[in-house]
>>> print(open('structure_6.csv').read())   # CSV, C-alpha atoms and all ligand atoms
chain,number,residue,atom,x,y,z
A,11,MET,CA,15.0,-17.8,0.3
A,12,ARG,CA,12.4,-18.5,-2.3
A,13,GLU,CA,9.9,-21.3,-2.5
A,14,THR,CA,8.9,-20.9,-6.1
A,15,ASP,CA,8.6,-24.6,-6.5
A,16,HIS,CA,5.9,-24.6,-3.8
A,17,VAL,CA,2.7,-24.9,-6.0
A,18,THR,CA,-0.3,-24.3,-3.8
A,19,GLU,CA,-2.9,-24.7,-6.5
A,20,ASN,CA,-2.4,-26.2,-9.9
A,21,LEU,CA,-5.7,-27.2,-11.5
A,22,ALA,CA,-4.8,-25.8,-14.8
A,23,GLY,CA,-1.9,-27.9,-16.2
A,24,PRO,CA,1.5,-26.9,-17.4
A,25,SER,CA,0.4,-24.3,-20.0
A,26,SER,CA,-1.2,-21.9,-17.4
A,27,TRP,CA,0.2,-18.5,-16.3
A,28,VAL,CA,2.0,-18.5,-13.0
A,29,LEU,CA,0.8,-15.9,-10.5
A,30,GLY,CA,3.4,-15.3,-7.8
A,31,THR,CA,2.4,-14.0,-4.4
A,32,ARG,CA,3.8,-13.6,-0.9
A,33,GLY,CA,2.7,-16.3,1.5
A,34,SER,CA,0.8,-14.3,4.2
A,35,ASP,CA,-3.0,-14.8,4.3
A,36,LEU,CA,-3.4,-11.2,3.2
A,37,ALA,CA,-1.1,-11.5,0.2
A,38,ARG,CA,-2.7,-14.8,-0.8
A,39,THR,CA,-6.2,-13.3,-0.5
A,40,GLN,CA,-5.2,-10.4,-2.6
A,41,ALA,CA,-3.6,-12.6,-5.2
A,42,GLY,CA,-6.6,-14.8,-5.3
A,43,GLN,CA,-8.9,-11.9,-6.0
A,44,VAL,CA,-6.6,-10.8,-8.9
A,45,ALA,CA,-6.5,-14.3,-10.2
A,46,GLU,CA,-10.3,-14.5,-10.2
A,47,ALA,CA,-10.5,-11.1,-11.9
A,48,LEU,CA,-8.0,-12.1,-14.6
A,49,THR,CA,-9.7,-15.4,-15.2
A,50,ALA,CA,-13.1,-13.6,-15.5
A,51,ALA,CA,-11.4,-11.2,-18.0
A,52,GLY,CA,-10.3,-14.1,-20.2
A,53,ALA,CA,-6.7,-14.5,-19.2
A,54,GLY,CA,-6.9,-18.3,-19.4
A,55,PRO,CA,-5.7,-20.8,-16.8
A,56,LEU,CA,-3.6,-19.4,-13.8
A,57,GLU,CA,-1.8,-21.2,-11.1
A,58,MET,CA,-0.8,-19.5,-7.8
A,59,ARG,CA,2.7,-19.9,-6.5
A,60,ILE,CA,4.1,-18.7,-3.1
A,61,VAL,CA,7.3,-16.7,-3.2
A,62,ARG,CA,9.0,-16.0,0.2
A,63,THR,CA,10.4,-12.5,0.5
A,64,GLU,CA,12.9,-10.8,2.8
A,65,GLY,CA,10.1,-8.8,4.5
A,66,ASP,CA,8.5,-12.0,5.7
A,67,VAL,CA,11.8,-13.5,6.9
A,68,THR,CA,13.5,-10.5,8.6
A,69,THR,CA,12.5,-10.0,12.2
A,70,GLY,CA,13.9,-6.5,12.8
A,71,SER,CA,11.7,-3.4,13.0
A,72,LEU,CA,9.9,-2.9,9.7
A,73,ALA,CA,10.8,0.8,9.8
A,74,SER,CA,14.5,0.0,10.1
A,75,LEU,CA,14.3,-2.0,6.9
A,76,GLY,CA,13.7,1.3,5.1
A,77,GLY,CA,11.6,1.9,2.0
A,78,THR,CA,13.6,-0.2,-0.3
A,79,GLY,CA,10.9,-2.7,-1.1
A,80,VAL,CA,11.7,-5.7,1.2
A,81,PHE,CA,8.4,-7.3,0.2
A,82,ALA,CA,8.8,-6.7,-3.6
A,83,GLY,CA,12.3,-7.9,-4.3
A,84,ALA,CA,11.8,-11.7,-4.4
A,85,LEU,CA,8.5,-11.3,-6.4
A,86,ARG,CA,10.4,-9.2,-9.0
A,87,THR,CA,13.2,-11.8,-9.1
A,88,ALA,CA,10.6,-14.5,-9.8
A,89,LEU,CA,9.3,-12.4,-12.7
A,90,LYS,CA,12.7,-11.8,-14.2
A,91,ALA,CA,13.7,-15.5,-13.8
A,92,GLY,CA,10.4,-16.6,-15.5
A,93,THR,CA,9.3,-18.6,-12.5
A,94,ALA,CA,6.2,-16.2,-12.4
A,95,ASP,CA,4.4,-14.4,-15.1
A,96,VAL,CA,2.3,-12.1,-12.9
A,97,VAL,CA,2.9,-11.0,-9.4
A,98,VAL,CA,0.7,-9.0,-7.0
A,99,HIS,CA,2.0,-6.4,-4.6
A,100,SER,CA,0.3,-4.1,-2.1
A,101,LEU,CA,0.9,-0.8,-3.9
A,102,LYS,CA,1.9,1.0,-0.7
A,103,ASP,CA,4.8,-1.4,-0.1
A,104,LEU,CA,6.2,-1.0,-3.7
A,105,PRO,CA,9.1,1.4,-4.2
A,106,THR,CA,8.3,4.3,-6.5
A,107,THR,CA,11.3,3.7,-8.8
A,108,PRO,CA,10.3,1.6,-11.8
A,109,GLU,CA,12.1,-1.7,-12.1
A,110,PRO,CA,13.9,-2.2,-15.5
A,111,GLY,CA,12.3,-4.9,-17.7
A,112,LEU,CA,9.1,-5.0,-15.6
A,113,ARG,CA,5.9,-3.0,-15.7
A,114,ILE,CA,2.9,-2.3,-13.5
A,115,ALA,CA,0.4,-3.9,-16.0
A,116,ALA,CA,-2.7,-3.3,-13.9
A,117,VAL,CA,-4.0,-1.4,-10.9
A,118,PRO,CA,-7.4,-2.9,-10.0
A,119,PRO,CA,-10.2,-0.8,-8.4
A,120,ARG,CA,-9.1,0.4,-5.0
A,121,ALA,CA,-10.5,-0.8,-1.7
A,122,ASP,CA,-11.0,1.3,1.4
A,123,VAL,CA,-8.1,3.7,1.7
A,124,ARG,CA,-8.4,4.5,5.4
A,125,ASP,CA,-6.6,3.3,8.5
A,126,ALA,CA,-8.6,1.7,11.3
A,127,LEU,CA,-8.1,1.8,15.0
A,128,CYS,CA,-8.6,-1.6,16.6
A,129,ALA,CA,-8.8,-1.0,20.3
A,130,ARG,CA,-9.9,-2.7,23.5
A,131,ASN,CA,-13.2,-1.7,25.1
A,132,GLY,CA,-14.5,-0.2,21.8
A,133,TRP,CA,-12.2,2.8,22.3
A,134,THR,CA,-11.8,5.4,19.5
A,135,LEU,CA,-8.9,7.8,18.9
A,136,ALA,CA,-10.8,10.4,21.0
A,137,THR,CA,-11.8,8.1,23.8
A,138,LEU,CA,-8.5,6.1,24.3
A,139,PRO,CA,-7.5,6.8,27.9
A,140,ALA,CA,-4.5,9.1,28.5
A,141,GLY,CA,-1.2,7.3,28.1
A,142,ALA,CA,-2.8,4.3,26.2
A,143,ARG,CA,-0.3,2.0,24.5
A,144,VAL,CA,-0.9,1.9,20.7
A,145,GLY,CA,1.0,-0.4,18.4
A,146,THR,CA,2.2,0.3,14.9
A,147,GLY,CA,5.3,-0.4,12.8
A,148,SER,CA,4.6,2.6,10.5
A,149,PRO,CA,6.5,5.9,11.1
A,150,ARG,CA,3.6,7.6,9.3
A,151,ARG,CA,1.0,6.2,11.7
A,152,ALA,CA,3.3,6.8,14.7
A,153,ALA,CA,3.8,10.5,13.7
A,154,LEU,CA,0.1,11.1,13.0
A,155,LEU,CA,-1.0,9.3,16.2
A,156,ARG,CA,1.3,11.5,18.3
A,157,LEU,CA,0.2,14.6,16.4
A,158,ALA,CA,-3.5,13.9,17.2
A,159,ARG,CA,-2.8,12.6,20.7
A,160,PRO,CA,0.6,13.6,22.2
A,161,ASP,CA,-0.2,11.6,25.4
A,162,LEU,CA,-0.3,8.2,23.7
A,163,GLU,CA,2.5,5.8,24.0
A,164,VAL,CA,3.3,4.5,20.5
A,165,VAL,CA,4.8,1.0,20.5
A,166,ASP,CA,6.8,-0.3,17.5
A,167,ILE,CA,5.3,-3.7,16.4
A,168,ARG,CA,5.4,-5.9,13.4
A,169,GLY,CA,4.1,-9.2,12.1
A,170,ASN,CA,1.1,-10.0,10.0
A,171,VAL,CA,-2.4,-8.6,10.6
A,172,PRO,CA,-3.7,-11.4,13.0
A,173,THR,CA,-0.4,-11.2,15.0
A,174,ARG,CA,-0.7,-7.5,15.4
A,175,LEU,CA,-4.5,-7.7,16.3
A,176,ALA,CA,-3.6,-10.3,19.0
A,177,ARG,CA,-1.5,-7.7,20.8
A,178,THR,CA,-4.7,-5.9,21.9
A,179,GLU,CA,-5.6,-9.0,23.9
A,180,ASN,CA,-2.1,-8.9,25.5
A,181,ASP,CA,0.1,-5.9,26.1
A,182,LEU,CA,-1.4,-3.1,24.0
A,183,ASP,CA,-4.6,-1.0,24.2
A,184,ALA,CA,-4.9,-0.6,20.4
A,185,VAL,CA,-3.2,-1.1,17.1
A,186,VAL,CA,-3.7,0.8,13.8
A,187,LEU,CA,-4.1,-1.2,10.6
A,188,ALA,CA,-5.2,-0.6,7.1
A,189,MET,CA,-9.0,-1.1,6.8
A,190,ALA,CA,-8.4,-2.7,3.3
A,191,GLY,CA,-6.4,-5.5,4.9
A,192,LEU,CA,-8.9,-6.1,7.6
A,193,VAL,CA,-11.8,-6.3,5.1
A,194,ARG,CA,-9.8,-8.6,2.8
A,195,LEU,CA,-9.2,-11.0,5.8
A,196,GLY,CA,-12.9,-10.7,6.9
A,197,LEU,CA,-11.7,-9.0,10.1
A,198,GLU,CA,-13.3,-5.6,9.7
A,199,ALA,CA,-15.4,-6.2,12.8
A,200,ARG,CA,-12.2,-5.7,14.8
A,201,ALA,CA,-12.1,-2.0,13.8
A,202,THR,CA,-13.4,0.1,16.7
A,203,GLU,CA,-13.0,3.3,14.5
A,204,VAL,CA,-12.3,3.8,10.8
A,205,LEU,CA,-10.0,6.8,11.1
A,206,ASP,CA,-10.9,10.1,9.3
A,207,PRO,CA,-8.2,10.9,6.8
A,208,ALA,CA,-8.2,14.4,8.4
A,209,ASP,CA,-6.6,12.8,11.5
A,210,MET,CA,-4.8,9.9,9.8
A,211,LEU,CA,-3.9,10.5,6.1
A,212,PRO,CA,-3.3,7.1,4.6
A,213,ALA,CA,0.0,5.9,3.0
A,214,PRO,CA,0.4,6.7,-0.7
A,215,GLY,CA,-1.2,3.8,-2.6
A,216,GLN,CA,-2.9,2.4,0.5
A,217,GLY,CA,-5.8,0.0,-0.3
A,218,ALA,CA,-4.6,-0.5,-3.9
A,219,LEU,CA,-2.9,-3.5,-5.5
A,220,ALA,CA,-0.3,-3.5,-8.2
A,221,VAL,CA,-0.2,-6.3,-10.8
A,222,GLU,CA,3.3,-6.5,-12.2
A,223,THR,CA,4.6,-8.4,-15.2
A,224,ARG,CA,7.6,-8.5,-17.5
A,225,ALA,CA,7.5,-5.6,-20.1
A,226,GLU,CA,6.2,-7.9,-22.9
A,227,VAL,CA,3.1,-9.9,-22.1
A,228,PRO,CA,1.4,-12.2,-24.6
A,229,GLU,CA,-2.3,-12.5,-25.2
A,230,PRO,CA,-4.7,-13.4,-23.8
A,231,LEU,CA,-3.1,-12.3,-20.6
A,232,ALA,CA,-2.3,-8.7,-21.9
A,233,GLY,CA,-6.0,-8.1,-22.8
A,234,ALA,CA,-7.2,-9.4,-19.4
A,235,LEU,CA,-4.7,-7.2,-17.5
A,236,ALA,CA,-6.1,-4.2,-19.4
A,237,VAL,CA,-9.7,-5.2,-18.4
A,238,VAL,CA,-8.7,-5.4,-14.7
A,239,ASP,CA,-6.9,-2.1,-14.7
A,240,ASP,CA,-8.9,0.8,-13.2
A,241,LEU,CA,-8.0,4.3,-14.5
A,242,PRO,CA,-9.5,6.3,-11.6
A,243,THR,CA,-7.5,4.2,-9.2
A,244,LEU,CA,-4.3,4.5,-11.3
A,245,VAL,CA,-4.6,8.3,-11.6
A,246,ALA,CA,-5.1,8.6,-7.8
A,247,VAL,CA,-2.2,6.4,-6.8
A,248,THR,CA,0.0,8.0,-9.5
A,249,ALA,CA,-0.4,11.4,-7.9
A,250,GLU,CA,0.2,10.0,-4.4
A,251,ARG,CA,3.3,8.1,-5.5
A,252,GLN,CA,4.7,11.0,-7.5
A,253,LEU,CA,4.3,13.2,-4.4
A,254,LEU,CA,6.3,10.6,-2.4
A,255,ALA,CA,9.0,10.3,-5.1
A,256,SER,CA,9.3,14.2,-5.2
A,257,LEU,CA,10.0,14.2,-1.5
A,258,GLU,CA,12.6,11.6,-2.2
A,259,ALA,CA,10.9,9.5,0.4
A,260,GLY,CA,10.3,5.7,0.6
A,261,CYS,CA,7.3,3.6,1.6
A,262,ALA,CA,8.4,3.7,5.2
A,263,ALA,CA,8.5,7.6,5.3
A,264,PRO,CA,6.3,9.6,7.7
A,265,VAL,CA,4.3,10.9,4.7
A,266,GLY,CA,0.6,10.5,4.1
A,267,ALA,CA,-1.1,11.3,0.8
A,268,LEU,CA,-4.6,10.9,-0.6
A,269,ALA,CA,-5.9,11.7,-4.1
A,270,THR,CA,-9.5,11.7,-5.0
A,271,VAL,CA,-11.3,12.3,-8.3
A,272,GLU,CA,-14.7,13.9,-8.3
A,273,SER,CA,-16.6,15.6,-11.1
A,274,GLY,CA,-13.5,16.0,-13.2
A,275,VAL,CA,-11.3,17.4,-10.4
A,276,LEU,CA,-8.3,15.6,-9.1
A,277,THR,CA,-7.5,16.6,-5.5
A,278,LEU,CA,-4.3,15.6,-3.8
A,279,GLU,CA,-3.8,16.1,-0.1
A,280,ALA,CA,-0.5,15.3,1.7
A,281,ILE,CA,1.3,15.6,5.0
A,282,ALA,CA,4.9,15.1,6.1
A,283,ALA,CA,5.3,14.8,9.9
A,284,ALA,CA,8.1,14.6,12.4
A,285,ILE,CA,8.0,11.0,13.8
A,286,ASP,CA,7.9,12.4,17.3
A,287,GLY,CA,4.7,14.3,16.4
A,288,GLY,CA,6.4,17.6,17.1
A,289,ARG,CA,5.6,19.2,13.8
A,290,ALA,CA,3.9,18.6,10.5
A,291,LEU,CA,3.5,20.2,7.1
A,292,ARG,CA,0.3,19.7,5.3
A,293,SER,CA,-1.1,21.0,2.0
A,294,SER,CA,-3.4,20.2,-0.9
A,295,GLN,CA,-3.6,21.1,-4.6
A,296,ARG,CA,-6.2,20.3,-7.3
A,297,THR,CA,-6.4,20.2,-11.0
A,298,SER,CA,-9.1,19.4,-13.6
A,299,ILE,CA,-8.7,16.0,-15.2
A,300,ASP,CA,-10.5,14.1,-18.0
A,301,LEU,CA,-10.8,10.4,-17.2
A,302,ASP,CA,-12.8,9.8,-20.4
A,303,GLY,CA,-10.3,11.3,-22.7
A,304,ASP,CA,-6.7,10.4,-23.4
A,305,ARG,CA,-5.4,7.9,-20.8
A,306,GLU,CA,-1.7,9.0,-21.0
A,307,ALA,CA,-2.7,12.6,-20.7
A,308,ALA,CA,-4.7,11.8,-17.5
A,309,ILE,CA,-1.7,10.0,-16.0
A,310,ALA,CA,0.6,12.9,-16.9
A,311,THR,CA,-1.8,15.3,-15.2
A,312,ALA,CA,-1.7,13.1,-12.0
A,313,ARG,CA,2.1,13.1,-12.1
A,314,ARG,CA,2.3,16.8,-12.5
A,315,LEU,CA,-0.1,17.3,-9.5
A,316,GLY,CA,2.1,15.0,-7.4
A,317,ARG,CA,5.2,16.8,-8.4
A,318,ASP,CA,3.8,20.3,-7.9
A,319,LEU,CA,2.5,19.5,-4.4
A,320,GLY,CA,5.8,17.8,-3.6
A,321,LEU,CA,7.7,20.9,-4.7
A,322,GLU,CA,5.4,23.1,-2.6
A,323,LEU,CA,6.0,20.9,0.5
A,324,LEU,CA,9.7,20.7,-0.2
A,325,GLY,CA,9.8,24.5,-0.3
A,326,GLN,CA,8.3,24.5,3.2
A,327,GLY,CA,11.0,22.2,4.5
A,328,ALA,CA,9.3,18.8,4.1
A,329,GLY,CA,12.3,17.1,2.7
A,330,GLU,CA,14.0,16.7,6.1
A,331,LEU,CA,10.7,15.4,7.7
A,332,ALA,CA,10.1,12.9,4.8
A,333,ARG,CA,13.6,11.4,4.9
A,334,ALA,CA,13.8,11.0,8.7
A,335,ARG,CA,14.6,7.6,10.0
A,336,PRO,CA,13.1,6.3,13.3
A,401,LIG,N1,2.7,-2.8,5.3
A,401,LIG,C1,1.9,-4.0,5.4
A,401,LIG,C2,0.7,-3.9,4.6
A,401,LIG,N2,0.7,-3.7,3.3
A,401,LIG,C3,-0.6,-3.6,2.8
A,401,LIG,C4,-1.4,-3.7,3.9
A,401,LIG,C5,-2.9,-3.7,3.8
A,401,LIG,C6,-3.5,-3.4,2.5
A,401,LIG,C7,-3.3,-2.0,2.0
A,401,LIG,O1,-3.0,-1.1,2.8
A,401,LIG,O2,-3.4,-1.9,0.8
A,401,LIG,C8,-0.7,-3.9,5.0
A,401,LIG,C9,-1.1,-4.1,6.4
A,401,LIG,C10,-1.5,-2.8,7.1
A,401,LIG,O3,-0.9,-1.8,6.8
A,401,LIG,O4,-2.3,-2.9,8.0
>>> encode(input="structure_6.csv", output="structure tokens")
Amino acid sequence: MRETDHVTENLAGPSSWVLGTRGSDLARTQAGQVAEALTAAGAGPLEMRIVRTEGDVTTGSLASLGGTGVFAGALRTALKAGTADVVVHSLKDLPTTPEPGLRIAAVPPRADVRDALCARNGWTLATLPAGARVGTGSPRRAALLRLARPDLEVVDIRGNVPTRLARTENDLDAVVLAMAGLVRLGLEARATEVLDPADMLPAPGQGALAVETRAEVPEPLAGALAVVDDLPTLVAVTAERQLLASLEAGCAAPVGALATVESGVLTLEAIAAAIDGGRALRSSQRTSIDLDGDREAAIATARRLGRDLGLELLGQGAGELARARP
């Protein structure tokens, strides 16, 4: 199942750090950006190694695989086995439960958090014709699409970003994809509308990367990871992921969450929706936060906000919506 012996780039010699990544173009682009940032921050030589994961091999519906981290498992196995020293995940695909012996050592500055509609004929969410067929493998996107436009026919799809885009030249009128992924692949021109979070609240952690390592990291890698880590991003994704964890929901749940920090105020907005679009619970809370003060205190504040909003939504009955399976 793994291809950890498949070295795609090894310009550095045997004493370099091994950076493990999934094999898709998107994953390799993301890993390449992290490798560049770590090198610029003084990590020393890095080599990239492809690790095949269950999420890349399994052909069933992505939603049916559940939120158990099908993409993360093999990368974590590589870290524990010592065949990789650093791995890069899309944060939104990473389970909220910490993995014993491992740590998220850095969360780099976040890219665009929003979803994008990629449609035929330049259509937008508002101008898609009645009954248009829109592809997504995400229960959250399916639920929010149906909520905004009950007439649409949502089609379950999967595959990598170019495969999904190709469906709009074939049997679908549109697909919904993360803008961050499109930008990283240089495919942002395919977006016919960058969706307003008011209509399509992103997945917790969307647009952010997680750089994971073993618990103990030697220098100079440890120092470089600290340089690449971005506290405003970490605080935002901490609030979003704590919200998800409080709803006892996984990364495939019909739950959207978006945290923003502005002028010392952390705002968290969340939605839990029925996958059939029949009903949704939405709320937001805010708290003051000091990003220039104690780092651990800021992270604790973000966790508290996520938990408080989670409890509020649970009190309204969001648990049942969040744990629904397609
Ligand atoms: N679930 C697949 C996945 N994981 C991360 C991204 C894009 C990058 C991101 O959202 O951070 C994508 C593709 C997509 O949702 O369109």
>>> closest_residue(input="structure_6.csv", among="A:Leu175, A:Leu197, A:Leu235, A:Val97", to="A:Leu29", atoms="all atoms listed in the file")
A:Val97
>>> axis_aligned_box(input="structure_6.csv", around="ligand LIG 401 (chain A)", padding_each_side="8 Å", output="lines of an AutoDock Vina configuration file")
center_x = -0.4
center_y = -2.6
center_z = 4.4
size_x = 22.2
size_y = 19.0
size_z = 23.2
>>> residues_near_ligand(input="structure_6.csv", ligand="ligand LIG 401 (chain A)", cutoff="6 Å", atoms="only C-alpha atoms and all ligand atoms", output="NGL selection string")
:A and (100 or 103 or 187-188 or 190-191 or 216-218)
>>> atom_distance(input="structure_6.csv", atom1="atom CA of A:Glu306", atom2="atom CA of A:Val245")
9.9 Å
>>> atom_distance(input="structure_6.csv", atom1="atom CA of A:Ile114", atom2="atom CA of A:Thr243")
13.0 Å
>>> closest_residue(input="structure_6.csv", among="A:Arg174, A:Arg150, A:Arg224, A:Arg86", to="A:Gly111", atoms="all atoms listed in the file")
A:Arg224
>>> closest_residue(input="structure_6.csv", among="A:Leu195, A:Ala121, A:Leu135, A:Ala280", to="A:Leu268", atoms="only C-alpha atoms")
A:Ala280
>>> residues_around(input="structure_6.csv", residues="A:Leu231", least_positions_apart="3", cutoff="10 Å", atoms="only C-alpha atoms", output="ChimeraX atom specification")
/A:27,48-49,51-56,95-96,227-228,234-237
>>> closest_residue(input="structure_6.csv", among="A:Ala129, A:Leu36, A:Val28, A:Leu253", to="A:Arg59", atoms="only C-alpha atoms")
A:Val28
>>> atom_distance(input="structure_6.csv", atom1="atom CA of A:Ala246", atom2="atom CA of A:Ile167")
29.1 Å
>>> residues_around(input="structure_6.csv", residues="A:Thr137", least_positions_apart="4", cutoff="12 Å", atoms="only C-alpha atoms", output="MDAnalysis selection string")
chainID A and resid 127 129:133 141:142 159 162 183:184 202:203
>>> write_last_selection(input="structure_6.csv", atoms="C-alpha atoms", output="PDB file, in the frame of the given file")
ATOM      1  CA  LEU A 127      -8.100   1.800  15.000  1.00  0.00           C
ATOM      2  CA  ALA A 129      -8.800  -1.000  20.300  1.00  0.00           C
ATOM      3  CA  ARG A 130      -9.900  -2.700  23.500  1.00  0.00           C
ATOM      4  CA  ASN A 131     -13.200  -1.700  25.100  1.00  0.00           C
ATOM      5  CA  GLY A 132     -14.500  -0.200  21.800  1.00  0.00           C
ATOM      6  CA  TRP A 133     -12.200   2.800  22.300  1.00  0.00           C
ATOM      7  CA  GLY A 141      -1.200   7.300  28.100  1.00  0.00           C
ATOM      8  CA  ALA A 142      -2.800   4.300  26.200  1.00  0.00           C
ATOM      9  CA  ARG A 159      -2.800  12.600  20.700  1.00  0.00           C
ATOM     10  CA  LEU A 162      -0.300   8.200  23.700  1.00  0.00           C
ATOM     11  CA  ASP A 183      -4.600  -1.000  24.200  1.00  0.00           C
ATOM     12  CA  ALA A 184      -4.900  -0.600  20.400  1.00  0.00           C
ATOM     13  CA  THR A 202     -13.400   0.100  16.700  1.00  0.00           C
ATOM     14  CA  GLU A 203     -13.000   3.300  14.500  1.00  0.00           C
TER      15      GLU A 203
END
>>> residues_around(input="structure_6.csv", residues="A:Ala153", least_positions_apart="5", cutoff="9 Å", atoms="only C-alpha atoms", output="list in words")
Ser148, Ala158, Pro264, Ala282, Ala283, Ala284, Ile285, Asp286, Gly287, Gly288, Arg289 and Ala290 of chain A
>>> write_last_selection(input="structure_6.csv", atoms="C-alpha atoms", output="CSV table (one decimal), keeping the file's coordinate frame")
chain,number,residue,atom,x,y,z
A,148,SER,CA,4.6,2.6,10.5
A,158,ALA,CA,-3.5,13.9,17.2
A,264,PRO,CA,6.3,9.6,7.7
A,282,ALA,CA,4.9,15.1,6.1
A,283,ALA,CA,5.3,14.8,9.9
A,284,ALA,CA,8.1,14.6,12.4
A,285,ILE,CA,8.0,11.0,13.8
A,286,ASP,CA,7.9,12.4,17.3
A,287,GLY,CA,4.7,14.3,16.4
A,288,GLY,CA,6.4,17.6,17.1
A,289,ARG,CA,5.6,19.2,13.8
A,290,ALA,CA,3.9,18.6,10.5
>>> residues_around(input="structure_6.csv", residues="stretch 309-319 of chain A", least_positions_apart="2", cutoff="7 Å", atoms="all atoms listed in the file", output="VMD selection string")
chain A and resid 245 248 to 250 252 to 253 256 294 to 295 299 305 to 307 321 to 323
>>> residues_around(input="structure_6.csv", residues="stretch 270-277 of chain A", least_positions_apart="4", cutoff="6 Å", atoms="all atoms listed in the file", output="list in words")
Arg296, Thr297, Ser298, Ile299 and Asp300 of chain A
>>> closest_residue(input="structure_6.csv", among="A:Val80, A:Leu331, A:Leu278, A:Val61", to="A:Pro105", atoms="all atoms listed in the file")
A:Val80
>>> closest_residue(input="structure_6.csv", among="A:Leu154, A:Cys261, A:Val144, A:Thr87", to="A:Asn180", atoms="all atoms listed in the file")
A:Val144
